[in-house]
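Have a look at the structure below before the remarks.
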Amino acid sequence: MQLDSLYQEVILDHYKRPEHKGLSEKSDVQVHHVNPNCGDEITLNLSLRDHLIDISWDGVGCSISMASASVMSSLLSGKTLEEAGPILDSFVSLMQSKGTQTGDEEVLEDALAFSGVSKYPARIKCALLGWMAFKDASVQIQGR
């Protein structure tokens with residue numbers, strides 16, 4: 001199986017069976033982000049439980065934005081904010097690389113499936129929507 005096919009499967013699997021989707025009733029911070037280019041939306045709840053991240057989210061949008069939010073929530077839940085920072089930075093760097101970076105599989109895990117998206121400027125904001133919502137929420141929660 002080619003790598004591109006495997007990546008497509010990962011994205012479709014997260015789109016069809018999103019993880020952490022459905023807003024929890026309790027959260028320390030809630031943010032809502034919209035991609036003005038296409039109308040994709042995400043609402044993200046972020047809580048810290050014993051310094052560990054708990055993410056829940058809900059949204060509407062294309063397969064890339066919804067699958068990326070699923071991957072992000074799966075990858076960052078259960079980590080500390082300090083552990084999540086380098087993962088977020090690595091994903092943003094991959095998306096801004098215009099296809100020149102391959103990313104670190106040990107850091108990004110399933111998020112590496114979005115590496116091909118970085119070649120398509122119109123889709124980068126889709127892939128980053130959930131990640132930027134997380135970044136916004138984490139800044140707000142640290143400010144408390």
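Scheme for the structure tokens: letters A, B, ... for chains in order shown; per-chain residue numbers from 1; ligand numbers from 1 in order shown.
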Report task. Please provide the set of residues having any atom within 10 Å of A:Val34, restricted to only C-alpha atoms, with same-chain residues fewer than 3 positions apart removed, written as a VMD selection string. Result -> chain A and resid 37 to 43 59 to 61 125 to 126 129 to 130 133
Suppose we keep C-alpha atoms; can you now write the selection as a PDB file, in the first residue's frame?
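File produced: result-v6.pdb:
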```pdb
ATOM      1  CA  ASN A  37     -12.700  30.864   3.427  1.00  0.00           C
ATOM      2  CA  CYS A  38     -15.096  27.924   3.470  1.00  0.00           C
ATOM      3  CA  GLY A  39     -17.362  28.234   6.509  1.00  0.00           C
ATOM      4  CA  ASP A  40     -15.968  25.270   8.483  1.00  0.00           C
ATOM      5  CA  GLU A  41     -16.608  25.732  12.211  1.00  0.00           C
ATOM      6  CA  ILE A  42     -15.358  24.174  15.418  1.00  0.00           C
ATOM      7  CA  THR A  43     -16.251  24.659  19.050  1.00  0.00           C
ATOM      8  CA  GLY A  59     -18.012  21.133  14.445  1.00  0.00           C
ATOM      9  CA  VAL A  60     -19.139  21.108  10.874  1.00  0.00           C
ATOM     10  CA  GLY A  61     -16.964  21.176   7.821  1.00  0.00           C
ATOM     11  CA  LYS A 125      -6.617  26.540   7.027  1.00  0.00           C
ATOM     12  CA  CYS A 126      -8.938  23.539   7.031  1.00  0.00           C
ATOM     13  CA  LEU A 129      -8.774  24.953  12.271  1.00  0.00           C
ATOM     14  CA  GLY A 130      -8.935  22.622  15.279  1.00  0.00           C
ATOM     15  CA  ALA A 133      -8.759  26.519  18.386  1.00  0.00           C
TER      16      ALA A 133
END
```
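Atom pair atom CA of A:Ser73 / atom CA of A:Ser47 has a distance of 12.0 Å (rounded to one decimal).
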Query raised in the report: DSSP says helix (DSSP H, G or I) for which residues of stretch 32-125 of chain A? Put them as a PyMOL selection string?
Result: chain A and resi 63-76+81-95+105-119+121-125
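Each of A:Met66, A:Tyr15, A:Ala122, A:Tyr7 was compared to A:Gln96 using only C-alpha atoms, and A:Ala122 turns out to be the nearest.
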Near-stretch 105-111 of chain A list (7 Å; only C-alpha atoms; drop same-chain fewer than 5 positions) as a CSV table (one decimal) with C-alpha atoms, in the first residue's frame:
```csv
chain,number,residue,atom,x,y,z
A,10,VAL,CA,-6.3,7.7,8.2
A,71,VAL,CA,-6.5,13.6,15.3
A,87,ILE,CA,3.4,18.8,19.0
A,91,PHE,CA,2.1,20.4,13.1
```
Once you count only C-alpha atoms, what closest atom pair and distance in Å to one decimal does each residue of stretch 41-81 of chain A within 6 Å of stretch 17-32 of chain A have, with rows by chain and rising residue number, as JSON lines?
```
{"residue": "A:Ile42", "atom": "CA", "partner": "A:His32", "partner_atom": "CA", "distance": 5.7}
{"residue": "A:Thr43", "atom": "CA", "partner": "A:His32", "partner_atom": "CA", "distance": 4.3}
{"residue": "A:Leu44", "atom": "CA", "partner": "A:Val31", "partner_atom": "CA", "distance": 5.4}
{"residue": "A:Asn45", "atom": "CA", "partner": "A:Gln30", "partner_atom": "CA", "distance": 4.5}
{"residue": "A:Leu46", "atom": "CA", "partner": "A:Val29", "partner_atom": "CA", "distance": 5.3}
{"residue": "A:Ser47", "atom": "CA", "partner": "A:Asp28", "partner_atom": "CA", "distance": 4.8}
{"residue": "A:Ser56", "atom": "CA", "partner": "A:Leu23", "partner_atom": "CA", "distance": 5.0}
{"residue": "A:Trp57", "atom": "CA", "partner": "A:Lys21", "partner_atom": "CA", "distance": 5.0}
{"residue": "A:Asp58", "atom": "CA", "partner": "A:Gly22", "partner_atom": "CA", "distance": 5.3}
{"residue": "A:Ser70", "atom": "CA", "partner": "A:Glu19", "partner_atom": "CA", "distance": 5.0}
```
Quick one: write out the picked residues with C-alpha atoms as a tab-separated table (two decimals), in the first residue's frame?
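Saved file part24.tsv follows:
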```
chain	number	residue	atom	x	y	z
A	42	ILE	CA	-15.36	24.17	15.42
A	43	THR	CA	-16.25	24.66	19.05
A	44	LEU	CA	-13.63	23.27	21.39
A	45	ASN	CA	-13.85	22.70	25.13
A	46	LEU	CA	-10.57	22.47	27.02
A	47	SER	CA	-10.15	21.39	30.61
A	56	SER	CA	-13.94	17.74	23.54
A	57	TRP	CA	-15.17	19.40	20.40
A	58	ASP	CA	-17.97	19.67	17.90
A	70	SER	CA	-10.21	14.42	15.65
```
Report the residues of chain A whose backbone DSSP state falls under strand (DSSP E or B), written as a compact mmCIF listing (two decimals) with N, CA and C atoms, in the first residue's frame.
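Contents of the output file out.txt:
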```txt
# COMPACT_ATOMS: atom_id res chain seq x y z
N LYS A 21 -15.35 13.80 19.82
CA LYS A 21 -16.38 14.69 19.29
C LYS A 21 -17.61 14.62 20.19
N VAL A 29 -12.39 26.20 29.56
CA VAL A 29 -12.39 27.20 28.48
C VAL A 29 -13.15 26.63 27.29
N GLN A 30 -13.93 27.49 26.64
CA GLN A 30 -14.58 27.10 25.38
C GLN A 30 -14.24 28.17 24.34
N VAL A 31 -13.84 27.72 23.15
CA VAL A 31 -13.57 28.63 22.05
C VAL A 31 -14.34 28.17 20.82
N HIS A 32 -14.62 29.12 19.95
CA HIS A 32 -15.31 28.84 18.69
C HIS A 32 -14.51 29.48 17.58
N HIS A 33 -14.13 28.68 16.60
CA HIS A 33 -13.37 29.21 15.46
C HIS A 33 -14.10 28.87 14.17
N VAL A 34 -13.97 29.79 13.21
CA VAL A 34 -14.59 29.64 11.89
C VAL A 34 -13.52 29.89 10.84
N GLU A 41 -16.53 25.22 10.85
CA GLU A 41 -16.61 25.73 12.21
C GLU A 41 -16.23 24.65 13.21
N ILE A 42 -15.64 25.09 14.32
CA ILE A 42 -15.36 24.17 15.42
C ILE A 42 -15.56 24.91 16.74
N THR A 43 -16.17 24.21 17.66
CA THR A 43 -16.25 24.66 19.05
C THR A 43 -15.45 23.65 19.84
N LEU A 44 -14.53 24.15 20.65
CA LEU A 44 -13.63 23.27 21.39
C LEU A 44 -13.71 23.61 22.88
N ASN A 45 -13.90 22.58 23.68
CA ASN A 45 -13.85 22.70 25.13
C ASN A 45 -12.52 22.15 25.60
N LEU A 46 -11.85 22.89 26.47
CA LEU A 46 -10.57 22.47 27.02
C LEU A 46 -10.64 22.53 28.53
N SER A 47 -10.23 21.46 29.15
CA SER A 47 -10.15 21.39 30.61
C SER A 47 -8.81 20.82 30.99
N LEU A 48 -8.37 21.20 32.17
CA LEU A 48 -7.17 20.59 32.75
C LEU A 48 -7.62 19.80 33.97
N ARG A 49 -7.32 18.53 33.96
CA ARG A 49 -7.63 17.64 35.08
C ARG A 49 -6.31 17.08 35.57
N LEU A 52 -3.54 17.53 33.22
CA LEU A 52 -3.63 16.83 31.94
C LEU A 52 -4.78 17.41 31.12
N ILE A 53 -4.54 17.51 29.83
CA ILE A 53 -5.50 18.10 28.91
C ILE A 53 -6.68 17.15 28.67
N ASP A 54 -7.87 17.73 28.72
CA ASP A 54 -9.09 17.03 28.34
C ASP A 54 -9.76 17.87 27.27
N ILE A 55 -9.89 17.33 26.08
CA ILE A 55 -10.46 18.06 24.94
C ILE A 55 -11.74 17.39 24.49
N SER A 56 -12.75 18.20 24.26
CA SER A 56 -13.94 17.74 23.54
C SER A 56 -14.26 18.82 22.52
N TRP A 57 -14.92 18.43 21.46
CA TRP A 57 -15.17 19.40 20.40
C TRP A 57 -16.41 19.00 19.61
N ASP A 58 -16.91 19.93 18.86
CA ASP A 58 -17.97 19.67 17.90
C ASP A 58 -17.77 20.64 16.75
N GLY A 59 -18.20 20.26 15.58
CA GLY A 59 -18.01 21.13 14.44
C GLY A 59 -18.69 20.61 13.20
N VAL A 60 -18.64 21.46 12.20
CA VAL A 60 -19.14 21.11 10.87
C VAL A 60 -18.12 21.59 9.86
```
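Of the listed residues (A:Leu12, A:Val139, A:Cys62, A:Leu112), A:Leu112 comes nearest to A:Ser93; the distances count only C-alpha atoms.
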